>>> print(open('structure25.cif').read())   # mmCIF, C-alpha atoms
data_structure
#
loop_
_atom_site.group_PDB
_atom_site.id
_atom_site.type_symbol
_atom_site.label_atom_id
_atom_site.label_comp_id
_atom_site.auth_asym_id
_atom_site.auth_seq_id
_atom_site.Cartn_x
_atom_site.Cartn_y
_atom_site.Cartn_z
ATOM 1 C CA MET Q 28 157.973 90.859 45.982
ATOM 2 C CA TYR Q 29 156.554 88.032 48.092
ATOM 3 C CA GLY Q 30 152.910 88.591 47.345
ATOM 4 C CA ASP Q 31 151.667 90.197 44.171
ATOM 5 C CA SER Q 32 148.191 91.698 44.188
ATOM 6 C CA ALA Q 33 146.691 88.725 42.309
ATOM 7 C CA THR Q 34 147.976 86.241 44.899
ATOM 8 C CA ILE Q 35 146.830 88.450 47.776
ATOM 9 C CA ARG Q 36 143.363 88.789 46.224
ATOM 10 C CA LYS Q 37 143.154 85.042 45.576
ATOM 11 C CA ILE Q 38 144.049 84.128 49.148
ATOM 12 C CA LEU Q 39 141.628 86.662 50.621
ATOM 13 C CA THR Q 40 138.679 85.984 48.327
ATOM 14 C CA GLU Q 41 138.981 82.487 46.821
ATOM 15 C CA THR Q 42 141.159 80.253 48.990
ATOM 16 C CA GLY Q 43 138.659 79.555 51.760
ATOM 17 C CA ASP Q 44 137.300 80.995 54.952
ATOM 18 C CA THR Q 45 139.038 79.051 57.728
ATOM 19 C CA TRP Q 46 142.175 80.865 58.823
ATOM 20 C CA ALA Q 47 144.481 79.495 61.520
ATOM 21 C CA VAL Q 48 146.279 82.459 63.081
ATOM 22 C CA VAL Q 49 149.541 81.267 64.616
ATOM 23 C CA GLY Q 50 150.527 83.499 67.509
ATOM 24 C CA LEU Q 51 146.967 84.649 68.280
ATOM 25 C CA SER Q 52 146.223 84.884 71.992
ATOM 26 C CA SER Q 53 143.741 86.828 74.097
ATOM 27 C CA ASN Q 54 146.287 89.656 74.495
ATOM 28 C CA ARG Q 55 144.429 92.599 72.969
ATOM 29 C CA SER Q 56 147.609 94.673 72.645
ATOM 30 C CA ARG Q 57 149.162 92.238 70.150
ATOM 31 C CA ALA Q 58 148.817 92.871 66.422
ATOM 32 C CA ALA Q 59 147.435 89.364 65.875
ATOM 33 C CA TYR Q 60 144.373 90.195 67.984
ATOM 34 C CA GLY Q 61 143.395 93.205 65.876
ATOM 35 C CA VAL Q 62 144.143 91.499 62.569
ATOM 36 C CA ALA Q 63 142.020 88.515 63.638
ATOM 37 C CA GLU Q 64 139.139 90.897 64.299
ATOM 38 C CA VAL Q 65 139.502 92.398 60.805
ATOM 39 C CA LEU Q 66 139.518 88.887 59.293
ATOM 40 C CA ARG Q 67 136.369 88.005 61.257
ATOM 41 C CA ARG Q 68 134.588 91.127 60.013
ATOM 42 C CA PHE Q 69 135.636 90.099 56.485
ATOM 43 C CA GLY Q 70 133.807 86.797 56.985
ATOM 44 C CA LYS Q 71 136.676 84.500 57.945
ATOM 45 C CA ARG Q 72 136.597 81.880 60.686
ATOM 46 C CA VAL Q 73 139.677 82.674 62.758
ATOM 47 C CA VAL Q 74 141.187 79.770 64.685
ATOM 48 C CA PRO Q 75 143.772 80.757 67.331
ATOM 49 C CA VAL Q 76 147.017 78.746 67.417
ATOM 50 C CA HIS Q 77 149.133 79.517 70.449
ATOM 51 C CA PRO Q 78 150.884 77.422 73.123
ATOM 52 C CA LYS Q 79 148.244 78.594 75.641
ATOM 53 C CA ALA Q 80 145.416 77.307 73.366
ATOM 54 C CA GLU Q 81 143.192 80.159 74.536
ATOM 55 C CA THR Q 82 139.724 80.846 73.208
ATOM 56 C CA VAL Q 83 139.869 84.134 71.265
ATOM 57 C CA HIS Q 84 136.947 85.980 69.640
ATOM 58 C CA GLY Q 85 134.761 83.034 70.718
ATOM 59 C CA GLU Q 86 136.801 80.461 68.785
ATOM 60 C CA GLN Q 87 138.503 77.536 70.531
ATOM 61 C CA GLY Q 88 142.285 77.806 70.432
ATOM 62 C CA TYR Q 89 144.784 75.035 69.747
ATOM 63 C CA ALA Q 90 148.408 74.605 70.828
ATOM 64 C CA SER Q 91 149.552 73.675 67.308
ATOM 65 C CA LEU Q 92 148.264 73.373 63.751
ATOM 66 C CA ALA Q 93 148.376 69.587 64.083
ATOM 67 C CA ASP Q 94 145.923 69.790 67.007
ATOM 68 C CA ILE Q 95 143.183 71.416 64.905
ATOM 69 C CA PRO Q 96 140.636 68.645 64.195
ATOM 70 C CA PHE Q 97 139.327 70.137 60.937
ATOM 71 C CA GLU Q 98 140.664 71.487 57.662
ATOM 72 C CA VAL Q 99 142.370 74.852 57.550
ATOM 73 C CA ASP Q 100 142.459 76.938 54.367
ATOM 74 C CA VAL Q 101 145.010 79.608 55.245
ATOM 75 C CA VAL Q 102 147.700 79.734 57.935
ATOM 76 C CA ASP Q 103 148.444 83.320 58.993
ATOM 77 C CA VAL Q 104 151.789 83.494 60.808
ATOM 78 C CA PHE Q 105 152.468 86.018 63.601
ATOM 79 C CA VAL Q 106 155.732 84.611 64.943
ATOM 80 C CA ASN Q 107 159.332 85.765 64.635
ATOM 81 C CA SER Q 108 160.979 85.045 61.307
ATOM 82 C CA ASP Q 109 163.287 82.447 62.875
ATOM 83 C CA LEU Q 110 160.230 80.439 63.980
ATOM 84 C CA ALA Q 111 158.149 80.957 60.840
ATOM 85 C CA GLY Q 112 159.754 78.306 58.606
ATOM 86 C CA PRO Q 113 158.681 75.370 60.788
ATOM 87 C CA VAL Q 114 155.151 76.814 60.922
ATOM 88 C CA ALA Q 115 155.051 76.960 57.111
ATOM 89 C CA ASP Q 116 156.163 73.319 57.027
ATOM 90 C CA GLU Q 117 153.387 72.427 59.492
ATOM 91 C CA ALA Q 118 150.901 74.224 57.236
ATOM 92 C CA VAL Q 119 152.003 72.082 54.296
ATOM 93 C CA ALA Q 120 151.680 68.934 56.429
ATOM 94 C CA LYS Q 121 148.234 70.071 57.629
ATOM 95 C CA GLY Q 122 147.028 70.382 54.040
ATOM 96 C CA ALA Q 123 146.453 74.139 54.077
ATOM 97 C CA LYS Q 124 145.954 75.871 50.739
ATOM 98 C CA ALA Q 125 147.940 78.999 51.574
ATOM 99 C CA VAL Q 126 150.384 80.497 54.047
ATOM 100 C CA TRP Q 127 150.503 84.177 54.944
ATOM 101 C CA PHE Q 128 153.549 85.605 56.758
ATOM 102 C CA GLN Q 129 152.712 88.902 58.452
ATOM 103 C CA LEU Q 130 154.580 92.186 58.053
ATOM 104 C CA GLY Q 131 158.198 91.725 59.058
ATOM 105 C CA VAL Q 132 158.009 87.912 58.970
ATOM 106 C CA ILE Q 133 160.456 86.821 56.285
ATOM 107 C CA ASP Q 134 161.955 83.406 55.545
ATOM 108 C CA GLU Q 135 162.862 83.041 51.881
ATOM 109 C CA ALA Q 136 163.679 79.321 52.178
ATOM 110 C CA ALA Q 137 160.268 78.671 53.759
ATOM 111 C CA TYR Q 138 158.643 80.699 50.990
ATOM 112 C CA ASP Q 139 160.365 78.567 48.346
ATOM 113 C CA ARG Q 140 159.496 75.278 50.122
ATOM 114 C CA THR Q 141 155.874 76.280 50.578
ATOM 115 C CA ARG Q 142 155.443 77.361 46.959
ATOM 116 C CA ALA Q 143 157.205 74.164 45.778
ATOM 117 C CA ALA Q 144 154.653 72.172 47.807
ATOM 118 C CA GLY Q 145 151.895 73.809 45.744
ATOM 119 C CA LEU Q 146 150.562 76.311 48.267
ATOM 120 C CA GLU Q 147 149.904 79.973 47.634
ATOM 121 C CA MET Q 148 152.069 82.186 49.819
ATOM 122 C CA VAL Q 149 152.358 85.815 50.789
ATOM 123 C CA MET Q 150 155.185 87.127 52.950
ATOM 124 C CA ASP Q 151 155.764 90.458 54.703
ATOM 125 C CA HIS Q 152 152.180 91.657 54.162
ATOM 126 C CA CYS Q 153 149.183 92.179 56.439
ATOM 127 C CA PRO Q 154 145.644 91.086 55.517
ATOM 128 C CA ALA Q 155 144.192 93.924 57.612
ATOM 129 C CA ILE Q 156 145.966 96.342 55.253
ATOM 130 C CA GLU Q 157 145.175 94.357 52.094
ATOM 131 C CA ILE Q 158 141.437 93.765 52.749
ATOM 132 C CA PRO Q 159 140.472 97.475 52.404
ATOM 133 C CA ALA Q 160 142.600 97.643 49.239
ATOM 134 C CA LEU Q 161 140.526 94.888 47.573
ATOM 135 C CA GLY Q 162 137.992 97.454 46.492
ATOM 136 C CA ARG Q 163 140.649 99.429 44.662
ATOM 137 C CA SER Q 164 142.648 98.459 41.596
ATOM 138 C CA SER Q 165 143.902 94.904 41.303
ATOM 139 C CA GLY Q 166 147.183 96.033 39.741
#
>>> encode(input="structure25.cif", output="structure tokens")
Amino acid sequence: MYGDSATIRKILTETGDTWAVVGLSSNRSRAAYGVAEVLRRFGKRVVPVHPKAETVHGEQGYASLADIPFEVDVVDVFVNSDLAGPVADEAVAKGAKAVWFQLGVIDEAAYDRTRAAGLEMVMDHCPAIEIPALGRSSG
């Protein structure tokens, strides 16, 4: 419902290669760590955004989206749903082209605001699941 296959394909293949992953830390047991690795293998530059601002997968981390000193194409959100809306708003302010809320991250008001601001958005999906599906049907 919040991410048809055409939008998912567009974000993964056409929207740009710099992904800020909000909630990504050096904790290998967290889902964000593994998904970031999949994105890297798919050719994306993965920028960690986490209060600790840790370097992850060799990429300098930042405490917030606003701290990133370069353009970001996609903001991938690995935070609880109650924290996700403000992150989507930060992505709009940052000038991102798309926002991706991970599996289980749902904020319908944030989805509506983000789409109204002209950004592509996917919610309650995982790029690590969608990337292998790109080779299959686009329906």
>>> closest_residue(input="structure25.cif", among="Q:Ile95, Q:Val48, Q:Val126, Q:Val73", to="Q:Asp139", atoms="all atoms listed in the file")
Q:Val126
>>> closest_residue(input="structure25.cif", among="Q:Glu98, Q:Leu66, Q:Lys71, Q:Glu117", to="Q:Cys153", atoms="all atoms listed in the file")
Q:Leu66
>>> closest_residue(input="structure25.cif", among="Q:Val102, Q:Val74, Q:Leu130, Q:Ala125", to="Q:Ile156", atoms="only C-alpha atoms")
Q:Leu130
>>> residues_around(input="structure25.cif", residues="Q:Tyr60", least_positions_apart="3", cutoff="10 Å", atoms="all atoms listed in the file", output="NGL selection string")
:Q and (48 or 50-57 or 63-65 or 75 or 83-84)
>>> resolve_selection(input="structure25.cif", expression="the PyMOL selection byres ((chain Q and resi 106) around 8)", output="count of residues only")
9
>>> closest_residue(input="structure25.cif", among="Q:Val99, Q:Ala115, Q:Leu92, Q:Ala80", to="Q:Arg142", atoms="only C-alpha atoms")
Q:Ala115
>>> resolve_selection(input="structure25.cif", expression="the PyMOL selection byres ((chain Q and resi 123) around 6)", output="VMD selection string")
chain Q and resid 99 to 101 118 to 119 121 to 122 124 to 125
>>> write_last_selection(input="structure25.cif", atoms="C-alpha atoms", output="compact mmCIF listing (two decimals), in the coordinates of the input")
# COMPACT_ATOMS: atom_id res chain seq x y z
CA VAL Q 99 142.37 74.85 57.55
CA ASP Q 100 142.46 76.94 54.37
CA VAL Q 101 145.01 79.61 55.24
CA ALA Q 118 150.90 74.22 57.24
CA VAL Q 119 152.00 72.08 54.30
CA LYS Q 121 148.23 70.07 57.63
CA GLY Q 122 147.03 70.38 54.04
CA LYS Q 124 145.95 75.87 50.74
CA ALA Q 125 147.94 79.00 51.57
>>> residues_near_point(input="structure25.cif", point="(138.8, 91.4, 51.8)", cutoff="7 Å", atoms="all atoms listed in the file", output="list of chain:residue names")
Q:Leu39, Q:Thr40, Q:Phe69, Q:Ile158, Q:Pro159, Q:Leu161
>>> closest_residue(input="structure25.cif", among="Q:Ala33, Q:Ala90, Q:Val149, Q:Val62", to="Q:Trp127", atoms="only C-alpha atoms")
Q:Val149
